[in-house]
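*Asks:* Below is a structure I'd like to ask you about.
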Amino acid sequence: MAAIHKHDFSKGELLGLKRLVRFAAKIPGICNAKIGTLLKAIHEEYKDNGISRSTFKRMIKIAEELGLITVHEKERKNGSQSSNHYVFLRFPVSEPPIQEIMNHPKETSNLSKTKNKRLINVLRFSSFLLQLIIQKK
């Protein structure tokens with residue numbers, strides 16, 4: 001669930017959405033549980049302080065409008081309503097993913113201070129030797 005849409009849901013609706021997410025684990029991002037099964041799980045977890053069927057349906061409607069999920073209604077062979085398939089979308093339809101700008105340092109220094117001091121000393125000594133060689137010529 002996108003944290004930016006958390007304020008769009010009531011406390012009960014968030015409970016329903018979180019339970020829907022948990023039931024979408026067998027096939028990642030897809031839930032085909034009946035509303036009654038989801039509500040029963042919520043009631044059991046919160047010791048009969050769950051949410052109503054209408055609250056769950058309202059949550060589904062809000063999540064669809066925000067582009068968080070799509071609902072595919074299913075029918076039995078005899079034409080009666082079966083459990084819906086809820087598919088979580090990777091990114092909300094209305095919002096493209098926010099691109100982050102990475103702040104990489106322009107220079108990297110993996111050398112510790114002691115290694116830096118040693119390197120400076122080696123360079124100074126090399127410079128000193130070069131000066132001696134040049135002076136002897």
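Residue numbers start at 1 in each chain; chains themselves are named A, B, ... in the order of the structure tokens; ligands are numbered from 1 in the order shown.
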Would you kindly return, as number ranges by chain, each protein, DNA or RNA residue with an atom no farther than 10 Å from any atom of Gly36 in chain A, considering only C-alpha atoms and excluding same-chain residues fewer than 4 positions away?

*Replies:* A: 40-42, 52-53, 56, 83

*Asks:* Pull all heavy atoms from the residues just selected and write them as a short mmCIF file (atom, residue, chain, number, x, y, z; two decimals), in the first residue's frame.

*Replies:*
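Result written to selection_38.cif:
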```cif
data_model
loop_
_atom_site.label_atom_id
_atom_site.label_comp_id
_atom_site.auth_asym_id
_atom_site.auth_seq_id
_atom_site.Cartn_x
_atom_site.Cartn_y
_atom_site.Cartn_z
N LYS A 40 -14.16 -12.42 8.37
CA LYS A 40 -14.04 -13.38 9.47
C LYS A 40 -12.63 -13.35 10.06
O LYS A 40 -12.45 -13.36 11.28
CB LYS A 40 -14.37 -14.79 8.97
CG LYS A 40 -14.33 -15.84 10.05
CD LYS A 40 -14.69 -17.21 9.49
CE LYS A 40 -14.56 -18.26 10.58
NZ LYS A 40 -14.79 -19.61 10.04
N ALA A 41 -11.61 -13.28 9.19
CA ALA A 41 -10.22 -13.22 9.66
C ALA A 41 -9.97 -11.94 10.46
O ALA A 41 -9.27 -11.97 11.48
CB ALA A 41 -9.27 -13.30 8.47
N ILE A 42 -10.54 -10.84 10.02
CA ILE A 42 -10.39 -9.57 10.75
C ILE A 42 -11.06 -9.67 12.12
O ILE A 42 -10.48 -9.28 13.14
CB ILE A 42 -10.96 -8.38 9.94
CG1 ILE A 42 -10.12 -8.17 8.66
CG2 ILE A 42 -10.98 -7.11 10.77
CD1 ILE A 42 -10.75 -7.21 7.67
N SER A 52 -17.39 -3.90 9.11
CA SER A 52 -18.59 -4.37 8.44
C SER A 52 -18.31 -4.62 6.97
O SER A 52 -17.31 -4.18 6.41
CB SER A 52 -19.71 -3.32 8.58
OG SER A 52 -19.35 -2.16 7.85
N ARG A 53 -19.24 -5.34 6.35
CA ARG A 53 -19.15 -5.63 4.92
C ARG A 53 -19.15 -4.34 4.10
O ARG A 53 -18.42 -4.19 3.13
CB ARG A 53 -20.30 -6.55 4.53
CG ARG A 53 -20.23 -7.09 3.13
CD ARG A 53 -21.40 -8.07 2.90
NE ARG A 53 -21.20 -8.78 1.67
CZ ARG A 53 -20.48 -9.90 1.54
NH1 ARG A 53 -19.91 -10.43 2.60
NH2 ARG A 53 -20.34 -10.48 0.38
N PHE A 56 -15.80 -2.66 4.15
CA PHE A 56 -14.86 -3.34 3.27
C PHE A 56 -15.12 -2.95 1.81
O PHE A 56 -14.20 -2.65 1.06
CB PHE A 56 -14.97 -4.86 3.44
CG PHE A 56 -13.89 -5.61 2.72
CD1 PHE A 56 -12.66 -5.82 3.31
CD2 PHE A 56 -14.10 -6.08 1.43
CE1 PHE A 56 -11.65 -6.50 2.64
CE2 PHE A 56 -13.10 -6.76 0.75
CZ PHE A 56 -11.88 -6.97 1.35
N SER A 83 -16.52 -15.32 -5.92
CA SER A 83 -15.60 -14.38 -5.27
C SER A 83 -14.82 -13.59 -6.32
O SER A 83 -14.47 -14.11 -7.38
CB SER A 83 -14.63 -15.13 -4.36
OG SER A 83 -13.87 -16.04 -5.10
#
```

*Asks:* List every residue of range 9-120 of chain A that DSSP, applied to the backbone, labels as helix (DSSP H, G or I), and write the result as number ranges by chain.

*Replies:* A: 11-22, 35-45, 53-66, 113-120

*Asks:* Would you pick out the contacts of Glu65 in chain A at 12 Å or less, using only C-alpha atoms, so that residues sharing its chain but fewer than 2 positions from it are not included, and give the list as a ChimeraX atom specification?

*Replies:* /A:5,8-9,58-63,67-71,92-94

*Asks:* Can I get the selection written as a short mmCIF file (atom, residue, chain, number, x, y, z; two decimals), in the first residue's frame, with all heavy atoms?

*Replies:*
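Final file, selection.cif:
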```cif
data_model
loop_
_atom_site.label_atom_id
_atom_site.label_comp_id
_atom_site.auth_asym_id
_atom_site.auth_seq_id
_atom_site.Cartn_x
_atom_site.Cartn_y
_atom_site.Cartn_z
N HIS A 5 -1.22 7.40 0.34
CA HIS A 5 -2.68 7.33 0.31
C HIS A 5 -3.28 6.89 1.64
O HIS A 5 -4.49 6.68 1.73
CB HIS A 5 -3.14 6.37 -0.79
CG HIS A 5 -2.84 6.86 -2.17
ND1 HIS A 5 -3.35 8.03 -2.67
CD2 HIS A 5 -2.06 6.34 -3.15
CE1 HIS A 5 -2.92 8.21 -3.90
NE2 HIS A 5 -2.13 7.20 -4.21
N ASP A 8 -6.30 8.66 2.98
CA ASP A 8 -7.54 8.54 2.22
C ASP A 8 -8.48 7.48 2.78
O ASP A 8 -9.63 7.39 2.36
CB ASP A 8 -7.24 8.22 0.75
CG ASP A 8 -6.51 9.35 0.04
OD1 ASP A 8 -6.88 10.52 0.27
OD2 ASP A 8 -5.56 9.07 -0.71
N PHE A 9 -7.98 6.65 3.70
CA PHE A 9 -8.76 5.57 4.26
C PHE A 9 -9.04 5.81 5.74
O PHE A 9 -8.21 6.36 6.45
CB PHE A 9 -8.00 4.23 4.13
CG PHE A 9 -7.76 3.80 2.71
CD1 PHE A 9 -6.56 4.08 2.08
CD2 PHE A 9 -8.74 3.10 2.01
CE1 PHE A 9 -6.33 3.68 0.78
CE2 PHE A 9 -8.52 2.70 0.71
CZ PHE A 9 -7.32 2.98 0.09
N ARG A 58 -16.52 -0.22 0.74
CA ARG A 58 -16.13 1.18 0.58
C ARG A 58 -14.61 1.29 0.39
O ARG A 58 -14.12 2.04 -0.44
CB ARG A 58 -16.60 1.99 1.80
CG ARG A 58 -16.43 3.48 1.65
CD ARG A 58 -17.09 4.28 2.77
NE ARG A 58 -16.73 3.82 4.11
CZ ARG A 58 -17.55 3.18 4.94
NH1 ARG A 58 -18.80 2.90 4.59
NH2 ARG A 58 -17.14 2.81 6.14
N MET A 59 -13.86 0.47 1.14
CA MET A 59 -12.39 0.45 1.00
C MET A 59 -12.01 0.01 -0.41
O MET A 59 -11.11 0.59 -1.03
CB MET A 59 -11.78 -0.49 2.04
CG MET A 59 -10.28 -0.70 1.94
SD MET A 59 -9.73 -1.97 0.78
CE MET A 59 -10.45 -3.43 1.44
N ILE A 60 -12.68 -1.01 -0.94
CA ILE A 60 -12.40 -1.49 -2.29
C ILE A 60 -12.64 -0.37 -3.30
O ILE A 60 -11.83 -0.14 -4.20
CB ILE A 60 -13.27 -2.73 -2.63
CG1 ILE A 60 -12.86 -3.92 -1.75
CG2 ILE A 60 -13.17 -3.09 -4.09
CD1 ILE A 60 -11.46 -4.43 -1.98
N LYS A 61 -13.75 0.33 -3.14
CA LYS A 61 -14.09 1.42 -4.06
C LYS A 61 -13.03 2.52 -4.02
O LYS A 61 -12.58 3.01 -5.06
CB LYS A 61 -15.47 1.99 -3.70
CG LYS A 61 -15.93 3.08 -4.62
CD LYS A 61 -17.28 3.62 -4.19
CE LYS A 61 -17.65 4.80 -5.06
NZ LYS A 61 -18.66 5.66 -4.45
N ILE A 62 -12.59 2.90 -2.83
CA ILE A 62 -11.57 3.95 -2.69
C ILE A 62 -10.24 3.48 -3.29
O ILE A 62 -9.59 4.23 -4.02
CB ILE A 62 -11.39 4.34 -1.19
CG1 ILE A 62 -12.65 5.02 -0.67
CG2 ILE A 62 -10.17 5.24 -1.01
CD1 ILE A 62 -12.68 5.21 0.84
N ALA A 63 -9.86 2.25 -3.00
CA ALA A 63 -8.59 1.71 -3.52
C ALA A 63 -8.61 1.65 -5.05
O ALA A 63 -7.61 1.92 -5.71
CB ALA A 63 -8.32 0.33 -2.94
N GLY A 67 -6.32 3.89 -7.80
CA GLY A 67 -5.46 3.13 -8.71
C GLY A 67 -4.56 2.14 -7.99
O GLY A 67 -3.54 1.74 -8.53
N LEU A 68 -4.93 1.75 -6.77
CA LEU A 68 -4.12 0.78 -6.03
C LEU A 68 -4.44 -0.66 -6.43
O LEU A 68 -3.57 -1.52 -6.41
CB LEU A 68 -4.34 0.94 -4.53
CG LEU A 68 -3.94 2.30 -3.93
CD1 LEU A 68 -4.31 2.36 -2.47
CD2 LEU A 68 -2.46 2.53 -4.11
N ILE A 69 -5.72 -0.91 -6.76
CA ILE A 69 -6.13 -2.26 -7.13
C ILE A 69 -7.11 -2.21 -8.30
O ILE A 69 -7.69 -1.15 -8.59
CB ILE A 69 -6.81 -3.02 -5.95
CG1 ILE A 69 -8.10 -2.32 -5.52
CG2 ILE A 69 -5.88 -3.20 -4.79
CD1 ILE A 69 -8.92 -3.11 -4.52
N THR A 70 -7.29 -3.35 -8.94
CA THR A 70 -8.39 -3.53 -9.87
C THR A 70 -9.17 -4.75 -9.40
O THR A 70 -8.61 -5.68 -8.82
CB THR A 70 -7.91 -3.78 -11.32
OG1 THR A 70 -7.04 -4.90 -11.34
CG2 THR A 70 -7.20 -2.57 -11.88
N VAL A 71 -10.47 -4.73 -9.64
CA VAL A 71 -11.34 -5.82 -9.21
C VAL A 71 -11.90 -6.51 -10.45
O VAL A 71 -12.44 -5.85 -11.34
CB VAL A 71 -12.50 -5.29 -8.33
CG1 VAL A 71 -13.41 -6.43 -7.90
CG2 VAL A 71 -11.96 -4.55 -7.13
N PRO A 92 0.26 3.26 -8.75
CA PRO A 92 -1.05 3.82 -9.01
C PRO A 92 -1.14 4.35 -10.44
O PRO A 92 -0.18 4.91 -10.97
CB PRO A 92 -1.16 4.97 -8.00
CG PRO A 92 -0.20 4.61 -6.92
CD PRO A 92 0.91 3.85 -7.59
N VAL A 93 -2.29 4.12 -11.07
CA VAL A 93 -2.49 4.54 -12.46
C VAL A 93 -2.35 6.05 -12.59
O VAL A 93 -1.79 6.55 -13.55
CB VAL A 93 -3.89 4.08 -12.94
CG1 VAL A 93 -4.18 4.61 -14.32
CG2 VAL A 93 -3.98 2.57 -12.91
N SER A 94 -2.82 6.78 -11.60
CA SER A 94 -2.83 8.23 -11.68
C SER A 94 -1.48 8.87 -11.40
O SER A 94 -1.29 10.04 -11.66
CB SER A 94 -3.85 8.80 -10.69
OG SER A 94 -3.49 8.41 -9.38
#
```

*Asks:* Neighbours of Lys57 in chain A within 10 Å (only C-alpha atoms; same-chain residues fewer than 6 positions away dropped), as a list in words?

*Replies:*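 Counting only the stated atoms, we get Glu13, Gly16, Ile35 and Ala63 of chain A.
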
*Asks:* In Å, rounded to a single decimal, give me how far CA of Gly12 in chain A is from CA of Cys31 in chain A.

*Replies:*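 It comes out at 19.0 Å.
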
*Asks:* What does the structure give for the distance between CA of Ala24 in chain A and CA of Tyr86 in chain A, in Å to one decimal?

*Replies:*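 Here the two named atoms are 8.3 Å from each other.
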
*Asks:* Between A:Lys34, A:Ser127, A:Leu15, A:Ile4, which one has atoms that come closest to Ser82 in chain A, using only C-alpha atoms?

*Replies:*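 When distances to Ser82 in chain A are compared using only C-alpha atoms, the smallest one comes from A:Lys34.
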